[in-house]
Structures are given as C-alpha cells and as structure tokens.
$ cat my_file_27.cif   # mmCIF, C-alpha atoms
data_structure
loop_
_atom_site.group_PDB
_atom_site.id
_atom_site.type_symbol
_atom_site.label_atom_id
_atom_site.label_comp_id
_atom_site.auth_asym_id
_atom_site.auth_seq_id
_atom_site.Cartn_x
_atom_site.Cartn_y
_atom_site.Cartn_z
ATOM 1 C CA MET A 1 11.159 3.939 43.764
ATOM 2 C CA LYS A 2 13.983 1.984 42.127
ATOM 3 C CA GLU A 3 12.980 -1.167 44.009
ATOM 4 C CA LYS A 4 9.385 -0.846 42.777
ATOM 5 C CA ILE A 5 10.536 -0.662 39.161
ATOM 6 C CA ILE A 6 12.823 -3.674 39.565
ATOM 7 C CA ALA A 7 10.039 -5.646 41.282
ATOM 8 C CA TYR A 8 7.619 -4.731 38.475
ATOM 9 C CA PHE A 9 10.061 -5.981 35.801
ATOM 10 C CA ARG A 10 10.671 -9.223 37.690
ATOM 11 C CA LYS A 11 6.960 -9.795 38.130
ATOM 12 C CA ASN A 12 6.142 -9.195 34.437
ATOM 13 C CA LYS A 13 9.253 -10.557 32.730
ATOM 14 C CA PHE A 14 7.379 -13.032 30.498
ATOM 15 C CA GLY A 15 5.152 -10.277 29.136
ATOM 16 C CA PHE A 16 8.187 -8.173 28.289
ATOM 17 C CA ILE A 17 9.862 -11.159 26.640
ATOM 18 C CA ILE A 18 6.790 -11.787 24.465
ATOM 19 C CA ILE A 19 6.558 -8.110 23.505
ATOM 20 C CA GLY A 20 10.262 -8.137 22.624
ATOM 21 C CA ILE A 21 9.892 -11.246 20.456
ATOM 22 C CA VAL A 22 6.903 -9.780 18.598
ATOM 23 C CA PHE A 23 8.842 -6.563 18.050
ATOM 24 C CA LEU A 24 11.882 -8.427 16.718
ATOM 25 C CA ILE A 25 9.708 -10.502 14.365
ATOM 26 C CA THR A 26 7.809 -7.535 12.898
ATOM 27 C CA LEU A 27 10.793 -5.188 12.601
ATOM 28 C CA PRO A 28 12.352 -6.895 9.519
ATOM 29 C CA PHE A 29 9.019 -6.745 7.634
ATOM 30 C CA TYR A 30 8.713 -3.040 8.380
ATOM 31 C CA ILE A 31 12.296 -2.336 7.310
ATOM 32 C CA ASN A 32 11.818 -4.354 4.103
ATOM 33 C CA ALA A 33 8.667 -2.402 3.226
ATOM 34 C CA ARG A 34 10.378 0.935 3.869
ATOM 35 C CA ILE A 35 13.332 -0.041 1.670
ATOM 36 C CA LYS A 36 11.012 -1.280 -1.078
ATOM 37 C CA PHE A 37 8.910 1.890 -1.152
ATOM 38 C CA SER A 38 11.950 4.163 -1.027
ATOM 39 C CA GLU A 39 13.360 2.290 -4.059
ATOM 40 C CA ILE A 40 10.070 2.720 -5.909
ATOM 41 C CA GLU A 41 9.979 6.406 -5.005
ATOM 42 C CA LYS A 42 13.561 6.960 -6.165
ATOM 43 C CA ASP A 43 13.862 4.713 -9.254
ATOM 44 C CA GLY A 44 10.235 3.925 -10.117
ATOM 45 C CA LYS A 45 8.739 4.106 -13.580
ATOM 46 C CA ALA A 46 5.774 6.355 -14.176
ATOM 47 C CA GLY A 47 2.602 4.593 -15.223
ATOM 48 C CA ILE A 48 -1.166 4.679 -15.025
ATOM 49 C CA GLY A 49 -3.302 2.688 -12.612
ATOM 50 C CA LYS A 50 -7.060 2.256 -12.409
ATOM 51 C CA PHE A 51 -8.924 2.303 -9.101
ATOM 52 C CA VAL A 52 -11.111 -0.795 -9.484
ATOM 53 C CA GLU A 53 -12.504 -1.863 -6.127
ATOM 54 C CA TYR A 54 -13.269 -0.589 -2.654
ATOM 55 C CA GLU A 55 -13.705 -3.128 0.121
ATOM 56 C CA ARG A 56 -14.884 -2.100 3.566
ATOM 57 C CA LYS A 57 -14.183 -4.375 6.494
ATOM 58 C CA PRO A 58 -14.918 -3.786 10.186
ATOM 59 C CA LYS A 59 -11.495 -2.388 11.085
ATOM 60 C CA THR A 60 -9.941 -1.592 7.710
ATOM 61 C CA ARG A 61 -10.665 -0.391 4.220
ATOM 62 C CA ASN A 62 -8.980 -1.859 1.152
ATOM 63 C CA TYR A 63 -8.518 0.010 -2.113
ATOM 64 C CA TYR A 64 -7.509 -2.042 -5.160
ATOM 65 C CA PHE A 65 -5.672 -0.689 -8.193
ATOM 66 C CA GLU A 66 -4.885 -2.421 -11.476
ATOM 67 C CA TYR A 67 -2.043 -1.535 -13.816
ATOM 68 C CA TYR A 68 -0.101 -3.097 -16.654
ATOM 69 C CA ASN A 69 3.565 -4.031 -16.435
ATOM 70 C CA LYS A 70 5.018 -5.646 -19.572
ATOM 71 C CA ASN A 71 1.534 -6.544 -20.889
ATOM 72 C CA LYS A 72 0.676 -8.285 -17.621
ATOM 73 C CA LYS A 73 -2.230 -6.982 -15.554
ATOM 74 C CA ILE A 74 -1.277 -6.590 -11.896
ATOM 75 C CA ARG A 75 -3.651 -5.864 -9.030
ATOM 76 C CA ASP A 76 -2.344 -4.139 -5.919
ATOM 77 C CA LEU A 77 -3.818 -3.193 -2.566
ATOM 78 C CA ILE A 78 -3.464 0.372 -1.294
ATOM 79 C CA LYS A 79 -4.169 1.097 2.375
ATOM 80 C CA ASN A 80 -4.015 4.855 3.023
ATOM 81 C CA PRO A 81 -5.715 6.982 0.358
ATOM 82 C CA PRO A 82 -7.227 10.389 1.141
ATOM 83 C CA ASP A 83 -10.620 10.678 2.804
ATOM 84 C CA GLY A 84 -13.591 10.107 0.510
ATOM 85 C CA PHE A 85 -11.479 8.378 -2.130
ATOM 86 C CA HIS A 86 -13.876 5.407 -2.305
ATOM 87 C CA LYS A 87 -16.155 7.524 -4.523
ATOM 88 C CA ASN A 88 -13.571 7.479 -7.345
ATOM 89 C CA ILE A 89 -13.969 3.877 -8.535
ATOM 90 C CA GLY A 90 -13.167 3.557 -12.228
ATOM 91 C CA ARG A 91 -10.841 6.545 -12.435
ATOM 92 C CA PHE A 92 -7.226 6.467 -13.561
ATOM 93 C CA TYR A 93 -4.286 7.875 -11.590
ATOM 94 C CA GLU A 94 -0.561 8.337 -12.052
ATOM 95 C CA ILE A 95 1.479 5.636 -10.317
ATOM 96 C CA LYS A 96 5.106 4.668 -9.773
ATOM 97 C CA TYR A 97 6.248 1.060 -9.902
ATOM 98 C CA LEU A 98 9.291 -1.150 -10.386
ATOM 99 C CA ASP A 99 9.449 -4.393 -12.361
ATOM 100 C CA LYS A 100 10.833 -6.392 -9.442
ATOM 101 C CA PHE A 101 7.976 -5.488 -7.064
ATOM 102 C CA ASP A 102 4.197 -5.703 -7.464
ATOM 103 C CA ASP A 103 3.719 -2.725 -5.133
ATOM 104 C CA ILE A 104 2.894 0.737 -6.402
ATOM 105 C CA ILE A 105 2.857 4.300 -5.148
ATOM 106 C CA VAL A 106 -0.229 6.210 -6.274
ATOM 107 C CA ASN A 107 -0.209 9.950 -6.845
ATOM 108 C CA PHE A 108 -3.768 10.731 -5.742
ATOM 109 C CA ASP A 109 -3.452 14.351 -6.921
ATOM 110 C CA LYS A 110 -2.895 13.431 -10.587
ATOM 111 C CA GLU A 111 -5.989 11.931 -12.162
ATOM 112 C CA ILE A 112 -5.425 10.886 -15.779
ATOM 113 C CA LYS A 113 -8.265 11.659 -18.200
ATOM 114 C CA ASP A 114 -6.373 11.510 -21.511
ATOM 115 C CA THR A 115 -7.716 8.466 -23.380
ATOM 116 C CA THR A 116 -4.585 8.131 -25.526
ATOM 117 C CA LEU A 117 -2.303 7.872 -22.496
ATOM 118 C CA ILE A 118 -4.610 5.321 -20.871
ATOM 119 C CA LEU A 119 -4.652 3.168 -24.003
ATOM 120 C CA LYS A 120 -0.843 3.372 -24.314
ATOM 121 C CA ALA A 121 -0.563 2.165 -20.699
ATOM 122 C CA GLY A 122 -2.209 -1.134 -21.721
ATOM 123 C CA PHE A 123 -5.851 -0.559 -20.840
ATOM 124 C CA SER A 124 -8.625 -1.255 -23.343
ATOM 125 C CA ILE A 125 -11.626 0.795 -24.430
ATOM 126 C CA GLU A 126 -13.792 -1.403 -22.182
ATOM 127 C CA ASP A 127 -11.602 -0.517 -19.200
ATOM 128 C CA ILE A 128 -12.113 3.166 -19.910
ATOM 129 C CA GLU A 129 -15.884 2.866 -20.302
ATOM 130 C CA ASN A 130 -16.401 0.812 -17.125
#
$ encode --input "my_file_27.cif" --output "structure tokens"
Amino acid sequence: MKEKIIAYFRKNKFGFIIIGIVFLITLPFYINARIKFSEIEKDGKAGIGKFVEYERKPKTRNYYFEYYNKNKKIRDLIKNPPDGFHKNIGRFYEIKYLDKFDDIIVNFDKEIKDTTLILKAGFSIEDIEN
C-alpha cells in the first residue's frame, strides 16, 4: 500500500507542484480579505447604502451597492446576499465601512426607510424616488 502511494506521488508530481503554487498564490489574497473584513466589522462606521443593480452571469450573480463616504459616491460589489434579494433594487440598507477601504459589509436585516437618515447619508431626493 505504501509503495502504491509513493508511486502515485512520483507519477503526478508536476500536478501537485502546480496545485501547491496556485494555493500559495491565492492564500495571501484570502488572508488579506479576511483581515480587511474583520477590521471593517470591528472598527467600521455605520452608514446607509443603496442596492442599485443586479447582474446575472452564467456562474455568478453580482449585487451592486452605492454609498457616500466624505461626499464621494462609492460603488461596491457584494457577492453573497440572501436568496431572493435581487427583488430589492432601489432599497436602502445599513452598512459598515472604513475610510481606507472601498469594501462594505451590508446588514441585510436592517432596511432603512427613514427619509431624513437617507438624506443625511448623502443621497438626494432623486435617489430616494428611483
């Protein structure tokens, strides 16, 4: 049994090397994203974001949110909202963000309907009506 395993590894060593290289290349990106989102979760500012666009592709679905940070409109892509969320285009939700990142964390359970809060967050009347 041990000889079969050793023979298998010798026979497929280039495949294992390629898999190892791909793993080592993608690992830093994953760690960076985890650190970034944990910082946003811990120290993030509360804000309001608007769900503006749903894009369906063959193997993925993209959900775009817009929010204001220091009077600058920022658009961010969210990948994993709850099922059926694509029906909520134009609604406002509570978000967390940091100034040094463009990424946000959306609280899908807290929809914001108060017009005064939305206007204070930087959105206009036209944003609310559309």
$ resolve_selection --input "my_file_27.cif" --expression "the PyMOL selection byres ((chain A and resi 97) around 6)" --output "list in words"
Ile40, Gly44, Lys45, Lys96, Leu98 and Ile104 of chain A
$ residues_around --input "my_file_27.cif" --residues "A:Ile48" --least-positions-apart "2" --cutoff "7 Å" --atoms "only C-alpha atoms" --output "list in words"
Lys50, Tyr67, Phe92, Tyr93, Glu94, Ile95, Ile118 and Ala121 of chain A
$ write_last_selection --input "my_file_27.cif" --atoms "C-alpha atoms" --output "mmCIF file, in the frame of the given file"
data_model
loop_
_atom_site.group_PDB
_atom_site.id
_atom_site.type_symbol
_atom_site.label_atom_id
_atom_site.label_comp_id
_atom_site.auth_asym_id
_atom_site.auth_seq_id
_atom_site.Cartn_x
_atom_site.Cartn_y
_atom_site.Cartn_z
ATOM 1 C CA LYS A 50 -7.060 2.256 -12.409
ATOM 2 C CA TYR A 67 -2.043 -1.535 -13.816
ATOM 3 C CA PHE A 92 -7.226 6.467 -13.561
ATOM 4 C CA TYR A 93 -4.286 7.875 -11.590
ATOM 5 C CA GLU A 94 -0.561 8.337 -12.052
ATOM 6 C CA ILE A 95 1.479 5.636 -10.317
ATOM 7 C CA ILE A 118 -4.610 5.321 -20.871
ATOM 8 C CA ALA A 121 -0.563 2.165 -20.699
#
$ resolve_selection --input "my_file_27.cif" --expression "the PyMOL selection byres ((chain A and resi 88) around 10)" --output "VMD selection string"
chain A and resid 50 to 54 84 to 87 89 to 92
$ write_last_selection --input "my_file_27.cif" --atoms "C-alpha atoms" --output "PDB file, in the frame of the given file"
ATOM      1  CA  LYS A  50      -7.060   2.256 -12.409  1.00  0.00           C
ATOM      2  CA  PHE A  51      -8.924   2.303  -9.101  1.00  0.00           C
ATOM      3  CA  VAL A  52     -11.111  -0.795  -9.484  1.00  0.00           C
ATOM      4  CA  GLU A  53     -12.504  -1.863  -6.127  1.00  0.00           C
ATOM      5  CA  TYR A  54     -13.269  -0.589  -2.654  1.00  0.00           C
ATOM      6  CA  GLY A  84     -13.591  10.107   0.510  1.00  0.00           C
ATOM      7  CA  PHE A  85     -11.479   8.378  -2.130  1.00  0.00           C
ATOM      8  CA  HIS A  86     -13.876   5.407  -2.305  1.00  0.00           C
ATOM      9  CA  LYS A  87     -16.155   7.524  -4.523  1.00  0.00           C
ATOM     10  CA  ILE A  89     -13.969   3.877  -8.535  1.00  0.00           C
ATOM     11  CA  GLY A  90     -13.167   3.557 -12.228  1.00  0.00           C
ATOM     12  CA  ARG A  91     -10.841   6.545 -12.435  1.00  0.00           C
ATOM     13  CA  PHE A  92      -7.226   6.467 -13.561  1.00  0.00           C
TER      14      PHE A  92
END
$ atom_distance --input "my_file_27.cif" --atom1 "atom CA of A:Phe37" --atom2 "atom CA of A:Ile105"
7.6 Å
$ residues_near_point --input "my_file_27.cif" --point "(-11.0, 3.1, -20.3)" --cutoff "10 Å" --atoms "all atoms listed in the file" --output "list in words"
Lys50, Gly90, Arg91, Phe92, Lys113, Asp114, Thr115, Thr116, Ile118, Leu119, Gly122, Phe123, Ser124, Ile125, Glu126, Asp127, Ile128, Glu129 and Asn130 of chain A
$ residues_around --input "my_file_27.cif" --residues "stretch 56-62 of chain A" --least-positions-apart "6" --cutoff "10 Å" --atoms "all atoms listed in the file" --output "list in words"
Asp76, Leu77, Ile78, Lys79, Asn80, Pro81 and His86 of chain A
$ atom_distance --input "my_file_27.cif" --atom1 "atom CA of A:Glu55" --atom2 "atom CA of A:Val22"
28.5 Å
$ atom_distance --input "my_file_27.cif" --atom1 "atom CA of A:Arg75" --atom2 "atom CA of A:Asp103"
8.9 Å
$ axis_aligned_box --input "my_file_27.cif" --around "stretch 26-41 of chain A" --padding-each-side "3 Å" --output "lines of an AutoDock Vina configuration file"
center_x = 10.6
center_y = -0.6
center_z = 3.5
size_x = 11.6
size_y = 19.9
size_z = 24.8
$ closest_residue --input "my_file_27.cif" --among "A:Tyr8, A:Asp99, A:Asn107, A:Glu3" --to "A:Asn71" --atoms "all atoms listed in the file"
A:Asp99
